[in-house]
Structure formats: structure tokens, C-alpha cells
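Visitor: So here's entry16.txt (compact mmCIF, C-alpha atoms).
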```txt
# COMPACT_ATOMS: atom_id res chain seq x y z
CA MET A 1 39.76 108.18 69.62
CA LEU A 2 39.22 104.70 68.22
CA ARG A 3 41.62 105.42 65.38
CA LYS A 4 44.30 106.63 67.81
CA ASP A 5 43.83 103.51 69.95
CA LEU A 6 44.12 101.27 66.90
CA GLN A 7 47.21 103.09 65.68
CA SER A 8 48.82 102.80 69.09
CA THR A 9 48.02 99.10 69.28
CA GLN A 10 49.32 98.56 65.76
CA LYS A 11 52.59 100.31 66.61
CA GLN A 12 52.94 98.23 69.79
CA ILE A 13 52.42 95.02 67.81
CA ILE A 14 55.00 96.05 65.25
CA ALA A 15 57.48 97.10 67.94
CA ALA A 16 57.01 93.80 69.76
CA ASN A 17 57.71 91.79 66.62
CA ILE A 18 60.74 93.51 65.16
CA SER A 19 64.17 93.87 66.66
CA LEU A 20 65.69 97.28 66.20
CA THR A 21 68.89 98.69 67.54
CA ASP A 22 68.69 102.16 69.05
CA VAL A 23 70.10 103.66 65.86
CA GLU A 24 67.60 101.74 63.71
CA ALA A 25 64.73 102.74 65.98
CA GLN A 26 65.73 106.40 65.75
CA LYS A 27 65.42 106.12 61.96
CA CYS A 28 62.44 103.78 61.80
CA TRP A 29 59.86 105.34 64.10
CA PRO A 30 59.86 108.85 62.62
CA LEU A 31 59.36 107.30 59.17
CA TYR A 32 56.60 105.10 60.56
CA GLU A 33 54.89 108.14 62.11
CA GLN A 34 55.15 110.04 58.82
CA TYR A 35 53.72 107.06 56.93
CA THR A 36 50.86 106.74 59.42
CA ALA A 37 50.00 110.43 59.15
CA GLU A 38 49.97 110.24 55.35
CA LYS A 39 47.87 107.07 55.47
CA VAL A 40 45.35 108.82 57.74
CA ARG A 41 45.14 111.71 55.27
CA VAL A 42 44.46 109.33 52.35
CA ASN A 43 41.86 107.43 54.39
CA ASP A 44 40.20 110.69 55.42
CA ASP A 45 40.05 111.73 51.77
CA ASN A 46 38.40 108.43 50.85
CA LEU A 47 35.88 108.76 53.66
CA SER A 48 35.04 112.30 52.59
CA ILE A 49 34.41 111.11 49.03
CA ILE A 50 32.10 108.34 50.24
CA LYS A 51 30.17 110.66 52.55
CA ASP A 52 29.73 113.29 49.85
CA TYR A 53 28.62 110.72 47.29
CA ALA A 54 26.14 109.13 49.72
CA ALA A 55 24.72 112.49 50.74
CA ASN A 56 24.10 113.49 47.12
CA PHE A 57 23.40 110.10 45.55
CA GLY A 58 19.77 110.75 44.73
CA THR A 59 20.41 114.00 42.87
CA LEU A 60 23.66 113.30 41.02
CA THR A 61 23.69 113.43 37.24
CA ASP A 62 25.97 111.03 35.38
CA ASN A 63 28.52 113.82 34.88
CA GLN A 64 28.39 114.76 38.56
CA ALA A 65 28.80 111.11 39.56
CA GLN A 66 32.00 110.92 37.53
CA THR A 67 33.75 113.45 39.79
CA PRO A 68 33.71 111.27 42.94
CA VAL A 69 34.78 108.27 40.87
CA SER A 70 37.75 110.20 39.49
CA THR A 71 38.58 111.58 42.92
CA TRP A 72 38.38 108.09 44.40
CA ALA A 73 40.78 106.81 41.72
CA GLU A 74 43.21 109.63 42.57
CA ALA A 75 42.99 108.79 46.27
CA ASP A 76 43.64 105.12 45.50
CA GLN A 77 46.66 106.13 43.46
CA SER A 78 47.93 108.17 46.42
CA ALA A 79 47.50 105.12 48.66
CA TYR A 80 49.43 102.92 46.21
CA GLN A 81 52.23 105.47 45.97
CA LEU A 82 52.38 105.73 49.73
```
Render the structure in this file as C-alpha cells.

Guide:
Amino acid sequence: MLRKDLQSTQKQIIAANISLTDVEAQKCWPLYEQYTAEKVRVNDDNLSIIKDYAANFGTLTDNQAQTPVSTWAEADQSAYQL
């Protein structure tokens, strides 16, 4: 719920600070919603990696610890591409 509130507030701030014609708004806001959904997915992936790593920290071998690091790097790359 907090995330939804923050996203709504963020969108309101953006909308209040940019001037869009109706045609521009019809193009802009669907792209913004798509971007936000993809950003949430990337952030969720990162959070999942952190939670999994923290839950298993005490028992991870060096090889097992490499997997979350690689996965984190992939998630970061997805965020950069986004």
C-alpha cells in the first residue's frame, strides 16, 4: 500500500510540473505506467535477491554466494536498460 501511495504521489508531482497537451498526455501516461510497472518488477527482483541472501547468509559456500551476486548484477543491468 505504501508503494502504491508513493507511486501515486510521484505521478501527481510529475503531472503538476510538466505541461502536456491532451495528445501528449495520451501518449505519455501509458508509457509512464509501463515504465513504473517494469521498475516495480526490477525492484521486486532486487528485494527477493536480498531476502534470499540474508536468509541463507550463514550457510552459503563461496560458489553459492556467487549466484546472488550474478543475479544482482543482471537485475542492475535490467534497471539500467529500463

Visitor: What does the distance from CA of Asp44 in chain A to CA of Ser8 in chain A come to in Å, to one decimal?

Guide: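 CA of Asp44 in chain A sits 18.0 Å away from CA of Ser8 in chain A.
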
Visitor: Nearest to Ala65 in chain A among A:Ala79, A:Ile14, A:Gln34, A:Ile50, with distances taken over only C-alpha atoms: which residue is it?

Guide: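 With only C-alpha atoms as the atom set, the closest residue is A:Ile50.
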
Visitor: If I take CA of Ser78 in chain A and CA of Phe57 in chain A, how far is one from the other in Å, to one decimal?

Guide: 24.6 Å

Visitor: Could you tell me how far CA of Gln10 in chain A sits from CA of Thr36 in chain A, in Å to one decimal place?

Guide: 10.5 Å

Visitor: Determine the axis-aligned bounding box of all atoms of range 4-12 of chain A present in the file, pad each side by 8 Å, and express its centre and edge lengths in Å to one decimal place as AutoDock Vina command-line options.

Guide:
```
--center_x 48.4 --center_y 102.4 --center_z 67.8 --size_x 25.1 --size_y 24.4 --size_z 20.3
```

Visitor: Restricting the calculation to all atoms listed in the file: of A:Ala54, A:Ile49, A:Ala16, A:Leu82, which residue gets closest to Thr67 in chain A?

Guide: A:Ile49

Visitor: For a quick check of understanding, using all atoms listed in the file, which of A:Met1, A:Ala75, A:Ala15, A:Val69 has the smallest distance to Arg41 in chain A?

Guide: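 Answer, going by the shortest atom-to-atom distance: A:Ala75.
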
Visitor: Identify which of the residues A:Lys39, A:Tyr32, A:Leu47, A:Gln26 lies closest to Gln81 in chain A, counting only C-alpha atoms when measuring atom-to-atom distances.

Guide: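 Answer, going by the shortest atom-to-atom distance: A:Lys39.
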
Visitor: Got a moment to write range 8-36 of chain A out with N, CA, C and O atoms, as a PDB file, in the first residue's frame?

Guide:
```pdb
ATOM      1  N   SER A   8       1.607   6.989  -6.610  1.00  0.00           N
ATOM      2  CA  SER A   8       0.553   7.951  -6.912  1.00  0.00           C
ATOM      3  C   SER A   8       1.042   9.374  -6.663  1.00  0.00           C
ATOM      4  O   SER A   8       0.829  10.269  -7.483  1.00  0.00           O
ATOM      5  N   THR A   9       1.715   9.567  -5.541  1.00  0.00           N
ATOM      6  CA  THR A   9       2.244  10.887  -5.213  1.00  0.00           C
ATOM      7  C   THR A   9       3.287  11.307  -6.242  1.00  0.00           C
ATOM      8  O   THR A   9       3.301  12.461  -6.685  1.00  0.00           O
ATOM      9  N   GLN A  10       4.147  10.382  -6.625  1.00  0.00           N
ATOM     10  CA  GLN A  10       5.175  10.683  -7.619  1.00  0.00           C
ATOM     11  C   GLN A  10       4.532  11.108  -8.939  1.00  0.00           C
ATOM     12  O   GLN A  10       4.950  12.088  -9.552  1.00  0.00           O
ATOM     13  N   LYS A  11       3.509  10.384  -9.360  1.00  0.00           N
ATOM     14  CA  LYS A  11       2.832  10.727 -10.612  1.00  0.00           C
ATOM     15  C   LYS A  11       2.169  12.106 -10.507  1.00  0.00           C
ATOM     16  O   LYS A  11       2.226  12.893 -11.448  1.00  0.00           O
ATOM     17  N   GLN A  12       1.579  12.396  -9.355  1.00  0.00           N
ATOM     18  CA  GLN A  12       0.948  13.708  -9.160  1.00  0.00           C
ATOM     19  C   GLN A  12       1.984  14.834  -9.233  1.00  0.00           C
ATOM     20  O   GLN A  12       1.720  15.880  -9.817  1.00  0.00           O
ATOM     21  N   ILE A  13       3.147  14.607  -8.651  1.00  0.00           N
ATOM     22  CA  ILE A  13       4.208  15.612  -8.683  1.00  0.00           C
ATOM     23  C   ILE A  13       4.683  15.835 -10.106  1.00  0.00           C
ATOM     24  O   ILE A  13       4.858  16.981 -10.554  1.00  0.00           O
ATOM     25  N   ILE A  14       4.864  14.750 -10.831  1.00  0.00           N
ATOM     26  CA  ILE A  14       5.292  14.867 -12.227  1.00  0.00           C
ATOM     27  C   ILE A  14       4.232  15.604 -13.040  1.00  0.00           C
ATOM     28  O   ILE A  14       4.533  16.534 -13.785  1.00  0.00           O
ATOM     29  N   ALA A  15       2.982  15.201 -12.878  1.00  0.00           N
ATOM     30  CA  ALA A  15       1.885  15.820 -13.636  1.00  0.00           C
ATOM     31  C   ALA A  15       1.767  17.313 -13.326  1.00  0.00           C
ATOM     32  O   ALA A  15       1.465  18.106 -14.221  1.00  0.00           O
ATOM     33  N   ALA A  16       2.024  17.681 -12.084  1.00  0.00           N
ATOM     34  CA  ALA A  16       1.911  19.084 -11.692  1.00  0.00           C
ATOM     35  C   ALA A  16       3.055  19.935 -12.242  1.00  0.00           C
ATOM     36  O   ALA A  16       2.935  21.163 -12.311  1.00  0.00           O
ATOM     37  N   ASN A  17       4.147  19.277 -12.644  1.00  0.00           N
ATOM     38  CA  ASN A  17       5.324  20.032 -13.042  1.00  0.00           C
ATOM     39  C   ASN A  17       5.678  19.934 -14.520  1.00  0.00           C
ATOM     40  O   ASN A  17       6.692  20.473 -14.949  1.00  0.00           O
ATOM     41  N   ILE A  18       4.842  19.258 -15.280  1.00  0.00           N
ATOM     42  CA  ILE A  18       5.037  19.243 -16.730  1.00  0.00           C
ATOM     43  C   ILE A  18       3.740  19.657 -17.398  1.00  0.00           C
ATOM     44  O   ILE A  18       2.655  19.399 -16.900  1.00  0.00           O
ATOM     45  N   SER A  19       3.884  20.324 -18.498  1.00  0.00           N
ATOM     46  CA  SER A  19       2.716  20.756 -19.264  1.00  0.00           C
ATOM     47  C   SER A  19       2.570  19.846 -20.475  1.00  0.00           C
ATOM     48  O   SER A  19       3.470  19.781 -21.315  1.00  0.00           O
ATOM     49  N   LEU A  20       1.467  19.151 -20.520  1.00  0.00           N
ATOM     50  CA  LEU A  20       1.199  18.254 -21.641  1.00  0.00           C
ATOM     51  C   LEU A  20      -0.119  18.625 -22.283  1.00  0.00           C
ATOM     52  O   LEU A  20      -1.099  18.916 -21.596  1.00  0.00           O
ATOM     53  N   THR A  21      -0.126  18.590 -23.608  1.00  0.00           N
ATOM     54  CA  THR A  21      -1.395  18.724 -24.302  1.00  0.00           C
ATOM     55  C   THR A  21      -2.156  17.421 -24.111  1.00  0.00           C
ATOM     56  O   THR A  21      -1.601  16.420 -23.635  1.00  0.00           O
ATOM     57  N   ASP A  22      -3.406  17.404 -24.490  1.00  0.00           N
ATOM     58  CA  ASP A  22      -4.192  16.169 -24.381  1.00  0.00           C
ATOM     59  C   ASP A  22      -3.567  15.040 -25.196  1.00  0.00           C
ATOM     60  O   ASP A  22      -3.504  13.903 -24.743  1.00  0.00           O
ATOM     61  N   VAL A  23      -3.100  15.368 -26.391  1.00  0.00           N
ATOM     62  CA  VAL A  23      -2.480  14.359 -27.253  1.00  0.00           C
ATOM     63  C   VAL A  23      -1.193  13.835 -26.606  1.00  0.00           C
ATOM     64  O   VAL A  23      -0.943  12.633 -26.584  1.00  0.00           O
ATOM     65  N   GLU A  24      -0.379  14.740 -26.065  1.00  0.00           N
ATOM     66  CA  GLU A  24       0.856  14.329 -25.401  1.00  0.00           C
ATOM     67  C   GLU A  24       0.562  13.475 -24.171  1.00  0.00           C
ATOM     68  O   GLU A  24       1.233  12.478 -23.932  1.00  0.00           O
ATOM     69  N   ALA A  25      -0.443  13.867 -23.416  1.00  0.00           N
ATOM     70  CA  ALA A  25      -0.805  13.118 -22.213  1.00  0.00           C
ATOM     71  C   ALA A  25      -1.277  11.710 -22.565  1.00  0.00           C
ATOM     72  O   ALA A  25      -0.954  10.752 -21.859  1.00  0.00           O
ATOM     73  N   GLN A  26      -2.025  11.597 -23.669  1.00  0.00           N
ATOM     74  CA  GLN A  26      -2.497  10.277 -24.094  1.00  0.00           C
ATOM     75  C   GLN A  26      -1.335   9.358 -24.466  1.00  0.00           C
ATOM     76  O   GLN A  26      -1.437   8.144 -24.340  1.00  0.00           O
ATOM     77  N   LYS A  27      -0.231   9.927 -24.908  1.00  0.00           N
ATOM     78  CA  LYS A  27       0.951   9.133 -25.239  1.00  0.00           C
ATOM     79  C   LYS A  27       1.846   8.930 -24.021  1.00  0.00           C
ATOM     80  O   LYS A  27       2.431   7.861 -23.841  1.00  0.00           O
ATOM     81  N   CYS A  28       1.955   9.956 -23.203  1.00  0.00           N
ATOM     82  CA  CYS A  28       2.894   9.946 -22.077  1.00  0.00           C
ATOM     83  C   CYS A  28       2.485   8.991 -20.965  1.00  0.00           C
ATOM     84  O   CYS A  28       3.303   8.172 -20.515  1.00  0.00           O
ATOM     85  N   TRP A  29       1.270   9.108 -20.485  1.00  0.00           N
ATOM     86  CA  TRP A  29       0.887   8.374 -19.280  1.00  0.00           C
ATOM     87  C   TRP A  29       0.856   6.859 -19.441  1.00  0.00           C
ATOM     88  O   TRP A  29       1.272   6.143 -18.521  1.00  0.00           O
ATOM     89  N   PRO A  30       0.454   6.317 -20.579  1.00  0.00           N
ATOM     90  CA  PRO A  30       0.584   4.856 -20.728  1.00  0.00           C
ATOM     91  C   PRO A  30       2.050   4.395 -20.701  1.00  0.00           C
ATOM     92  O   PRO A  30       2.373   3.366 -20.109  1.00  0.00           O
ATOM     93  N   LEU A  31       2.945   5.184 -21.305  1.00  0.00           N
ATOM     94  CA  LEU A  31       4.363   4.850 -21.247  1.00  0.00           C
ATOM     95  C   LEU A  31       4.891   4.951 -19.822  1.00  0.00           C
ATOM     96  O   LEU A  31       5.683   4.112 -19.375  1.00  0.00           O
ATOM     97  N   TYR A  32       4.440   5.965 -19.110  1.00  0.00           N
ATOM     98  CA  TYR A  32       4.855   6.138 -17.717  1.00  0.00           C
ATOM     99  C   TYR A  32       4.379   4.957 -16.875  1.00  0.00           C
ATOM    100  O   TYR A  32       5.131   4.433 -16.053  1.00  0.00           O
ATOM    101  N   GLU A  33       3.151   4.523 -17.089  1.00  0.00           N
ATOM    102  CA  GLU A  33       2.605   3.379 -16.341  1.00  0.00           C
ATOM    103  C   GLU A  33       3.381   2.102 -16.663  1.00  0.00           C
ATOM    104  O   GLU A  33       3.668   1.302 -15.773  1.00  0.00           O
ATOM    105  N   GLN A  34       3.724   1.921 -17.927  1.00  0.00           N
ATOM    106  CA  GLN A  34       4.508   0.751 -18.323  1.00  0.00           C
ATOM    107  C   GLN A  34       5.887   0.798 -17.666  1.00  0.00           C
ATOM    108  O   GLN A  34       6.368  -0.208 -17.136  1.00  0.00           O
ATOM    109  N   TYR A  35       6.517   1.957 -17.698  1.00  0.00           N
ATOM    110  CA  TYR A  35       7.823   2.128 -17.066  1.00  0.00           C
ATOM    111  C   TYR A  35       7.741   1.826 -15.569  1.00  0.00           C
ATOM    112  O   TYR A  35       8.582   1.104 -15.028  1.00  0.00           O
ATOM    113  N   THR A  36       6.735   2.347 -14.906  1.00  0.00           N
ATOM    114  CA  THR A  36       6.565   2.131 -13.475  1.00  0.00           C
ATOM    115  C   THR A  36       6.382   0.651 -13.163  1.00  0.00           C
ATOM    116  O   THR A  36       6.983   0.134 -12.222  1.00  0.00           O
TER     117      THR A  36
END
```
